[in-house]
file protein_13.txt (compact mmCIF, C-alpha atoms and all ligand atoms)
# COMPACT_ATOMS: atom_id res chain seq x y z
CA MET A 1 -25.55 23.75 -6.73
CA PRO A 2 -22.41 22.05 -5.35
CA ILE A 3 -21.00 18.97 -7.04
CA VAL A 4 -19.75 16.05 -4.93
CA LYS A 5 -17.36 13.71 -6.71
CA PHE A 6 -16.88 10.27 -5.14
CA VAL A 7 -13.43 9.30 -6.41
CA LYS A 8 -13.42 5.52 -5.76
CA GLU A 9 -16.99 5.08 -6.94
CA LYS A 10 -16.39 7.27 -10.02
CA LYS A 11 -19.68 9.05 -9.43
CA GLU A 12 -20.65 12.71 -9.29
CA ILE A 13 -23.82 14.07 -7.76
CA GLU A 14 -25.28 17.53 -7.46
CA VAL A 15 -26.52 18.47 -4.00
CA ALA A 16 -28.21 21.42 -2.36
CA GLU A 17 -25.90 23.84 -0.56
CA GLY A 18 -25.64 22.78 3.08
CA ALA A 19 -26.62 19.17 2.33
CA ASN A 20 -25.38 16.42 4.62
CA LEU A 21 -22.66 14.41 2.87
CA ARG A 22 -23.66 11.01 4.25
CA ALA A 23 -27.35 11.50 3.53
CA GLU A 24 -26.63 12.52 -0.06
CA ALA A 25 -24.34 9.51 -0.54
CA VAL A 26 -27.06 7.17 0.74
CA LYS A 27 -29.53 8.71 -1.74
CA ALA A 28 -26.99 8.09 -4.51
CA GLY A 29 -26.53 4.45 -3.46
CA ILE A 30 -23.03 4.96 -2.06
CA ASN A 31 -22.12 3.37 1.26
CA LEU A 32 -19.77 5.63 3.22
CA ASN A 33 -20.10 3.55 6.41
CA GLN A 34 -17.22 1.23 5.60
CA GLY A 35 -16.19 0.23 9.10
CA LEU A 36 -12.51 -0.15 9.77
CA ASN A 37 -10.45 -0.80 6.65
CA GLY A 38 -13.53 -2.22 4.97
CA PHE A 39 -14.09 -4.74 7.77
CA GLY A 40 -17.75 -4.51 8.72
CA ALA A 41 -18.77 -2.42 5.71
CA SER A 42 -21.81 -4.54 4.90
CA VAL A 43 -22.97 -4.45 8.53
CA ASN A 44 -22.08 -0.80 9.13
CA LYS A 45 -24.13 0.21 6.11
CA TYR A 46 -27.17 -0.44 8.32
CA ILE A 47 -25.78 -0.49 11.85
CA ASN A 48 -24.26 2.90 12.51
CA CYS A 49 -24.92 5.75 14.91
CA THR A 50 -26.93 7.80 12.44
CA ASN A 51 -29.32 5.00 11.48
CA LEU A 52 -29.69 3.63 15.01
CA THR A 53 -30.47 6.99 16.60
CA CYS A 54 -32.27 8.72 13.71
CA GLY A 55 -29.35 11.14 13.57
CA LEU A 56 -29.49 12.19 17.22
CA MET A 57 -26.10 10.64 17.98
CA SER A 58 -24.42 11.20 14.61
CA GLY A 59 -20.65 11.38 14.89
CA SER A 60 -20.43 8.68 17.55
CA CYS A 61 -19.51 5.45 15.76
CA GLY A 62 -16.78 6.71 13.42
CA THR A 63 -17.64 4.27 10.63
CA CYS A 64 -18.40 6.95 8.04
CA ARG A 65 -14.86 8.30 7.81
CA VAL A 66 -14.00 9.87 4.48
CA LEU A 67 -11.21 12.00 3.10
CA ILE A 68 -12.11 15.30 1.52
CA THR A 69 -9.34 15.28 -1.07
CA LYS A 70 -10.41 18.57 -2.70
CA GLY A 71 -12.56 21.41 -1.45
CA MET A 72 -12.27 21.05 2.32
CA GLU A 73 -12.83 24.81 2.42
CA ASN A 74 -16.26 24.13 0.90
CA THR A 75 -17.46 22.24 3.98
CA ASN A 76 -18.50 23.24 7.48
CA GLY A 77 -15.79 23.28 10.13
CA LEU A 78 -15.05 20.21 12.22
CA THR A 79 -17.86 19.49 14.65
CA THR A 80 -17.04 19.00 18.32
CA LYS A 81 -17.35 15.23 17.97
CA GLU A 82 -15.01 15.18 14.98
CA TRP A 83 -12.52 17.37 16.77
CA LEU A 84 -12.57 15.11 19.84
CA ARG A 85 -12.27 12.02 17.65
CA PHE A 86 -9.54 13.23 15.34
CA LYS A 87 -7.53 15.57 17.51
CA THR A 88 -7.61 13.96 20.94
CA PRO A 89 -7.25 10.43 22.33
CA ILE A 90 -10.48 10.50 24.39
CA MET A 91 -13.30 9.06 22.23
CA PRO A 92 -13.74 5.52 23.54
CA ASP A 93 -16.69 4.31 21.45
CA PRO A 94 -16.73 1.43 18.95
CA ILE A 95 -13.83 2.61 16.87
CA PRO A 96 -11.50 4.20 19.37
CA CYS A 97 -9.86 7.52 18.83
CA LEU A 98 -8.73 8.21 15.34
CA ALA A 99 -6.14 10.75 16.37
CA PHE A 100 -2.61 10.02 15.22
CA VAL A 101 -3.59 7.76 12.30
CA GLY A 102 -2.71 10.21 9.55
CA HIS A 103 -4.95 12.25 7.22
CA GLU A 104 -6.04 14.44 10.13
CA ASP A 105 -6.23 17.46 7.81
CA THR A 106 -8.52 15.80 5.26
CA MET A 107 -10.45 13.25 7.31
CA ARG A 108 -14.10 13.94 8.14
CA LEU A 109 -17.11 12.04 9.36
CA ALA A 110 -19.57 12.13 6.47
CA CYS A 111 -22.55 12.33 8.81
CA CYS A 112 -21.13 15.54 10.30
CA THR A 113 -20.11 17.16 7.01
CA LYS A 114 -22.18 19.81 5.27
CA VAL A 115 -21.46 20.46 1.61
CA MET A 116 -21.21 24.18 0.86
CA GLY A 117 -19.42 23.96 -2.52
CA ASP A 118 -17.70 21.50 -4.86
CA ILE A 119 -15.74 18.71 -3.13
CA GLU A 120 -14.03 15.43 -3.91
CA VAL A 121 -14.51 12.55 -1.51
CA GLU A 122 -12.52 9.36 -0.97
CA SER A 123 -14.60 6.78 0.88
CA GLY A 124 -13.29 4.26 3.39
CA PRO A 125 -9.76 5.59 3.93
CA GLU A 126 -7.37 2.96 5.26
CA VAL A 127 -6.25 3.22 8.88
CA ASN A 128 -2.81 1.79 9.52
CA LEU A 129 -3.41 0.14 12.88
CA PHE A 130 0.19 -0.97 13.08
CA GLY A 131 1.77 2.25 11.89
CA GLN A 132 4.23 4.07 14.06
CA ASN A 133 1.72 6.85 14.73
CA PHE A 134 -1.26 4.83 15.90
CA PHE A 135 -0.22 4.16 19.47
CA SER A 136 1.92 7.26 19.92
S1 LIG A 201 -22.55 7.37 10.98
FE1 LIG A 201 -21.59 7.12 12.90
S2 LIG A 201 -20.00 8.58 12.90
FE2 LIG A 201 -21.03 8.90 11.03

call {"tool": "encode", "arguments": {"input": "protein_13.txt", "output": "structure tokens"}}
result
Amino acid sequence: MPIVKFVKEKKEIEVAEGANLRAEAVKAGINLNQGLNGFGASVNKYINCTNLTCGLMSGSCGTCRVLITKGMENTNGLTTKEWLRFKTPIMPDPIPCLAFVGHEDTMRLACCTKVMGDIEVESGPEVNLFGQNFFS
């Protein structure tokens, strides 16, 4: 069974192959919905697209961003929503496009990520809203 290591939380959990990363984190008491640079984390823990739509609109709010710092090859490929959010400037929902903010190769939305093997996860990665890349 795959092992998921949450680096900041210093916690490791064993999950079934194909398990949803966000769902497994919730079961383990880890909040991956940390809003934008931690702002809104306590609210986003409950108010997020997965909770509000019972998973039907997962991938829409962007508050569950994580970095897969090891084992990206042990996850499913980017979903269409992740690709649109990370690779293009056209996702206008609550947290606008996350393209051009850095970490594009390791950033995932936890609610869209399936765990297929061992991975390491960094929760709540910082977004530099004033960095030279954000508005490029
Ligand atoms: S919970 Fe909304 S994008 Fe993941």

call {"tool": "closest_residue", "arguments": {"input": "protein_13.txt", "among": "A:Ile119, A:Thr88, A:Cys54, A:Thr69", "to": "ligand LIG 201 (chain A)", "atoms": "all atoms listed in the file"}}
result
A:Cys54

call {"tool": "closest_residue", "arguments": {"input": "protein_13.txt", "among": "A:Asn74, A:Asp105, A:Ile68, A:Lys45", "to": "Val7 (chain A)", "atoms": "all atoms listed in the file"}}
result
A:Ile68

call {"tool": "atom_distance", "arguments": {"input": "protein_13.txt", "atom1": "CA of Ala41 (chain A)", "atom2": "CA of Asn76 (chain A)"}}
result
25.7 Å

call {"tool": "closest_atom_pairs", "arguments": {"input": "protein_13.txt", "of": "chain A", "to": "ligand LIG 201 (chain A)", "cutoff": "6 Å", "atoms": "all atoms listed in the file", "output": "JSON lines"}}
result
{"residue": "A:Asn48", "atom": "CA", "partner": "A:LIG201", "partner_atom": "FE1", "distance": 5.0}
{"residue": "A:Cys49", "atom": "CA", "partner": "A:LIG201", "partner_atom": "FE1", "distance": 4.1}
{"residue": "A:Thr50", "atom": "CA", "partner": "A:LIG201", "partner_atom": "S1", "distance": 4.6}
{"residue": "A:Ser58", "atom": "CA", "partner": "A:LIG201", "partner_atom": "FE1", "distance": 5.3}
{"residue": "A:Gly59", "atom": "CA", "partner": "A:LIG201", "partner_atom": "S2", "distance": 3.5}
{"residue": "A:Ser60", "atom": "CA", "partner": "A:LIG201", "partner_atom": "S2", "distance": 4.7}
{"residue": "A:Cys61", "atom": "CA", "partner": "A:LIG201", "partner_atom": "FE1", "distance": 3.9}
{"residue": "A:Gly62", "atom": "CA", "partner": "A:LIG201", "partner_atom": "S2", "distance": 3.8}
{"residue": "A:Thr63", "atom": "CA", "partner": "A:LIG201", "partner_atom": "FE1", "distance": 5.4}
{"residue": "A:Cys64", "atom": "CA", "partner": "A:LIG201", "partner_atom": "FE2", "distance": 4.4}
{"residue": "A:Leu109", "atom": "CA", "partner": "A:LIG201", "partner_atom": "FE2", "distance": 5.3}
{"residue": "A:Ala110", "atom": "CA", "partner": "A:LIG201", "partner_atom": "FE2", "distance": 5.8}
{"residue": "A:Cys111", "atom": "CA", "partner": "A:LIG201", "partner_atom": "FE2", "distance": 4.4}

call {"tool": "axis_aligned_box", "arguments": {"input": "protein_13.txt", "around": "region 10-24 of chain A", "padding_each_side": "6 Å", "output": "JSON"}}
result
{"center_x": -22.3, "center_y": 15.6, "center_z": -2.7, "size_x": 23.8, "size_y": 28.6, "size_z": 26.6}

call {"tool": "atom_distance", "arguments": {"input": "protein_13.txt", "atom1": "CA of Gly117 (chain A)", "atom2": "CA of Val4 (chain A)"}}
result
8.3 Å

call {"tool": "residues_around", "arguments": {"input": "protein_13.txt", "residues": "Leu78 (chain A)", "least_positions_apart": "4", "cutoff": "9 Å", "atoms": "only C-alpha atoms", "output": "list in words"}}
result
Glu82, Trp83, Arg108, Leu109, Cys112 and Thr113 of chain A

call {"tool": "closest_residue", "arguments": {"input": "protein_13.txt", "among": "A:Gly55, A:Gly124, A:Pro89, A:Gly77", "to": "Lys8 (chain A)", "atoms": "only C-alpha atoms"}}
result
A:Gly124

call {"tool": "build_atoms", "arguments": {"input": "protein_13.txt", "residues": "region 101-129 of chain A", "atoms": "N, CA and C atoms", "output": "mmCIF file, keeping the file's coordinate frame"}}
result
data_model
loop_
_atom_site.group_PDB
_atom_site.id
_atom_site.type_symbol
_atom_site.label_atom_id
_atom_site.label_comp_id
_atom_site.auth_asym_id
_atom_site.auth_seq_id
_atom_site.Cartn_x
_atom_site.Cartn_y
_atom_site.Cartn_z
ATOM 1 N N VAL A 101 -3.606 8.806 13.319
ATOM 2 C CA VAL A 101 -3.590 7.760 12.300
ATOM 3 C C VAL A 101 -3.269 8.319 10.919
ATOM 4 N N GLY A 102 -2.987 9.585 10.831
ATOM 5 C CA GLY A 102 -2.710 10.210 9.550
ATOM 6 C C GLY A 102 -3.983 10.774 8.939
ATOM 7 N N HIS A 103 -3.831 11.626 7.937
ATOM 8 C CA HIS A 103 -4.950 12.250 7.220
ATOM 9 C C HIS A 103 -5.775 13.182 8.101
ATOM 10 N N GLU A 104 -5.229 13.628 9.223
ATOM 11 C CA GLU A 104 -6.040 14.440 10.130
ATOM 12 C C GLU A 104 -6.538 15.727 9.460
ATOM 13 N N ASP A 105 -5.821 16.207 8.452
ATOM 14 C CA ASP A 105 -6.230 17.460 7.810
ATOM 15 C C ASP A 105 -7.326 17.262 6.774
ATOM 16 N N THR A 106 -7.510 16.030 6.304
ATOM 17 C CA THR A 106 -8.520 15.800 5.260
ATOM 18 C C THR A 106 -9.631 14.862 5.715
ATOM 19 N N MET A 107 -9.455 14.233 6.871
ATOM 20 C CA MET A 107 -10.450 13.250 7.310
ATOM 21 C C MET A 107 -11.671 13.948 7.922
ATOM 22 N N ARG A 108 -12.852 13.447 7.559
ATOM 23 C CA ARG A 108 -14.100 13.940 8.140
ATOM 24 C C ARG A 108 -15.011 12.754 8.407
ATOM 25 N N LEU A 109 -16.012 12.993 9.216
ATOM 26 C CA LEU A 109 -17.110 12.040 9.360
ATOM 27 C C LEU A 109 -18.214 12.536 8.430
ATOM 28 N N ALA A 110 -18.605 11.696 7.481
ATOM 29 C CA ALA A 110 -19.570 12.130 6.470
ATOM 30 C C ALA A 110 -20.870 12.600 7.091
ATOM 31 N N CYS A 111 -21.269 11.965 8.193
ATOM 32 C CA CYS A 111 -22.550 12.330 8.810
ATOM 33 C C CYS A 111 -22.486 13.702 9.471
ATOM 34 N N CYS A 112 -21.299 14.229 9.668
ATOM 35 C CA CYS A 112 -21.130 15.540 10.300
ATOM 36 C C CYS A 112 -20.737 16.620 9.294
ATOM 37 N N THR A 113 -20.630 16.245 8.026
ATOM 38 C CA THR A 113 -20.110 17.160 7.010
ATOM 39 C C THR A 113 -21.221 17.768 6.184
ATOM 40 N N LYS A 114 -21.230 19.084 6.125
ATOM 41 C CA LYS A 114 -22.180 19.810 5.270
ATOM 42 C C LYS A 114 -21.434 20.270 4.024
ATOM 43 N N VAL A 115 -22.062 20.086 2.895
ATOM 44 C CA VAL A 115 -21.460 20.460 1.610
ATOM 45 C C VAL A 115 -21.885 21.877 1.256
ATOM 46 N N MET A 116 -20.908 22.778 1.167
ATOM 47 C CA MET A 116 -21.210 24.180 0.860
ATOM 48 C C MET A 116 -20.751 24.567 -0.550
ATOM 49 N N GLY A 117 -19.938 23.702 -1.175
ATOM 50 C CA GLY A 117 -19.420 23.960 -2.520
ATOM 51 C C GLY A 117 -18.868 22.655 -3.068
ATOM 52 N N ASP A 118 -18.207 22.723 -4.213
ATOM 53 C CA ASP A 118 -17.700 21.500 -4.860
ATOM 54 C C ASP A 118 -16.638 20.818 -3.998
ATOM 55 N N ILE A 119 -16.739 19.491 -3.884
ATOM 56 C CA ILE A 119 -15.740 18.710 -3.130
ATOM 57 C C ILE A 119 -15.482 17.386 -3.832
ATOM 58 N N GLU A 120 -14.331 16.799 -3.506
ATOM 59 C CA GLU A 120 -14.030 15.430 -3.910
ATOM 60 C C GLU A 120 -13.874 14.591 -2.655
ATOM 61 N N VAL A 121 -14.442 13.392 -2.689
ATOM 62 C CA VAL A 121 -14.510 12.550 -1.510
ATOM 63 C C VAL A 121 -13.905 11.182 -1.795
ATOM 64 N N GLU A 122 -13.041 10.739 -0.892
ATOM 65 C CA GLU A 122 -12.520 9.360 -0.970
ATOM 66 C C GLU A 122 -13.154 8.583 0.175
ATOM 67 N N SER A 123 -13.907 7.559 -0.150
ATOM 68 C CA SER A 123 -14.600 6.780 0.880
ATOM 69 C C SER A 123 -13.668 5.743 1.499
ATOM 70 N N GLY A 124 -13.982 5.356 2.720
ATOM 71 C CA GLY A 124 -13.290 4.260 3.390
ATOM 72 C C GLY A 124 -11.775 4.363 3.436
ATOM 73 N N PRO A 125 -11.227 5.493 3.885
ATOM 74 C CA PRO A 125 -9.760 5.590 3.930
ATOM 75 C C PRO A 125 -9.167 4.542 4.869
ATOM 76 N N GLU A 126 -8.052 3.985 4.456
ATOM 77 C CA GLU A 126 -7.370 2.960 5.260
ATOM 78 C C GLU A 126 -6.820 3.586 6.553
ATOM 79 N N VAL A 127 -6.891 2.832 7.632
ATOM 80 C CA VAL A 127 -6.250 3.220 8.880
ATOM 81 C C VAL A 127 -5.154 2.210 9.138
ATOM 82 N N ASN A 128 -3.934 2.686 9.261
ATOM 83 C CA ASN A 128 -2.810 1.790 9.520
ATOM 84 C C ASN A 128 -2.712 1.532 11.022
ATOM 85 N N LEU A 129 -3.364 0.431 11.446
ATOM 86 C CA LEU A 129 -3.410 0.140 12.880
ATOM 87 C C LEU A 129 -2.045 -0.229 13.453
#
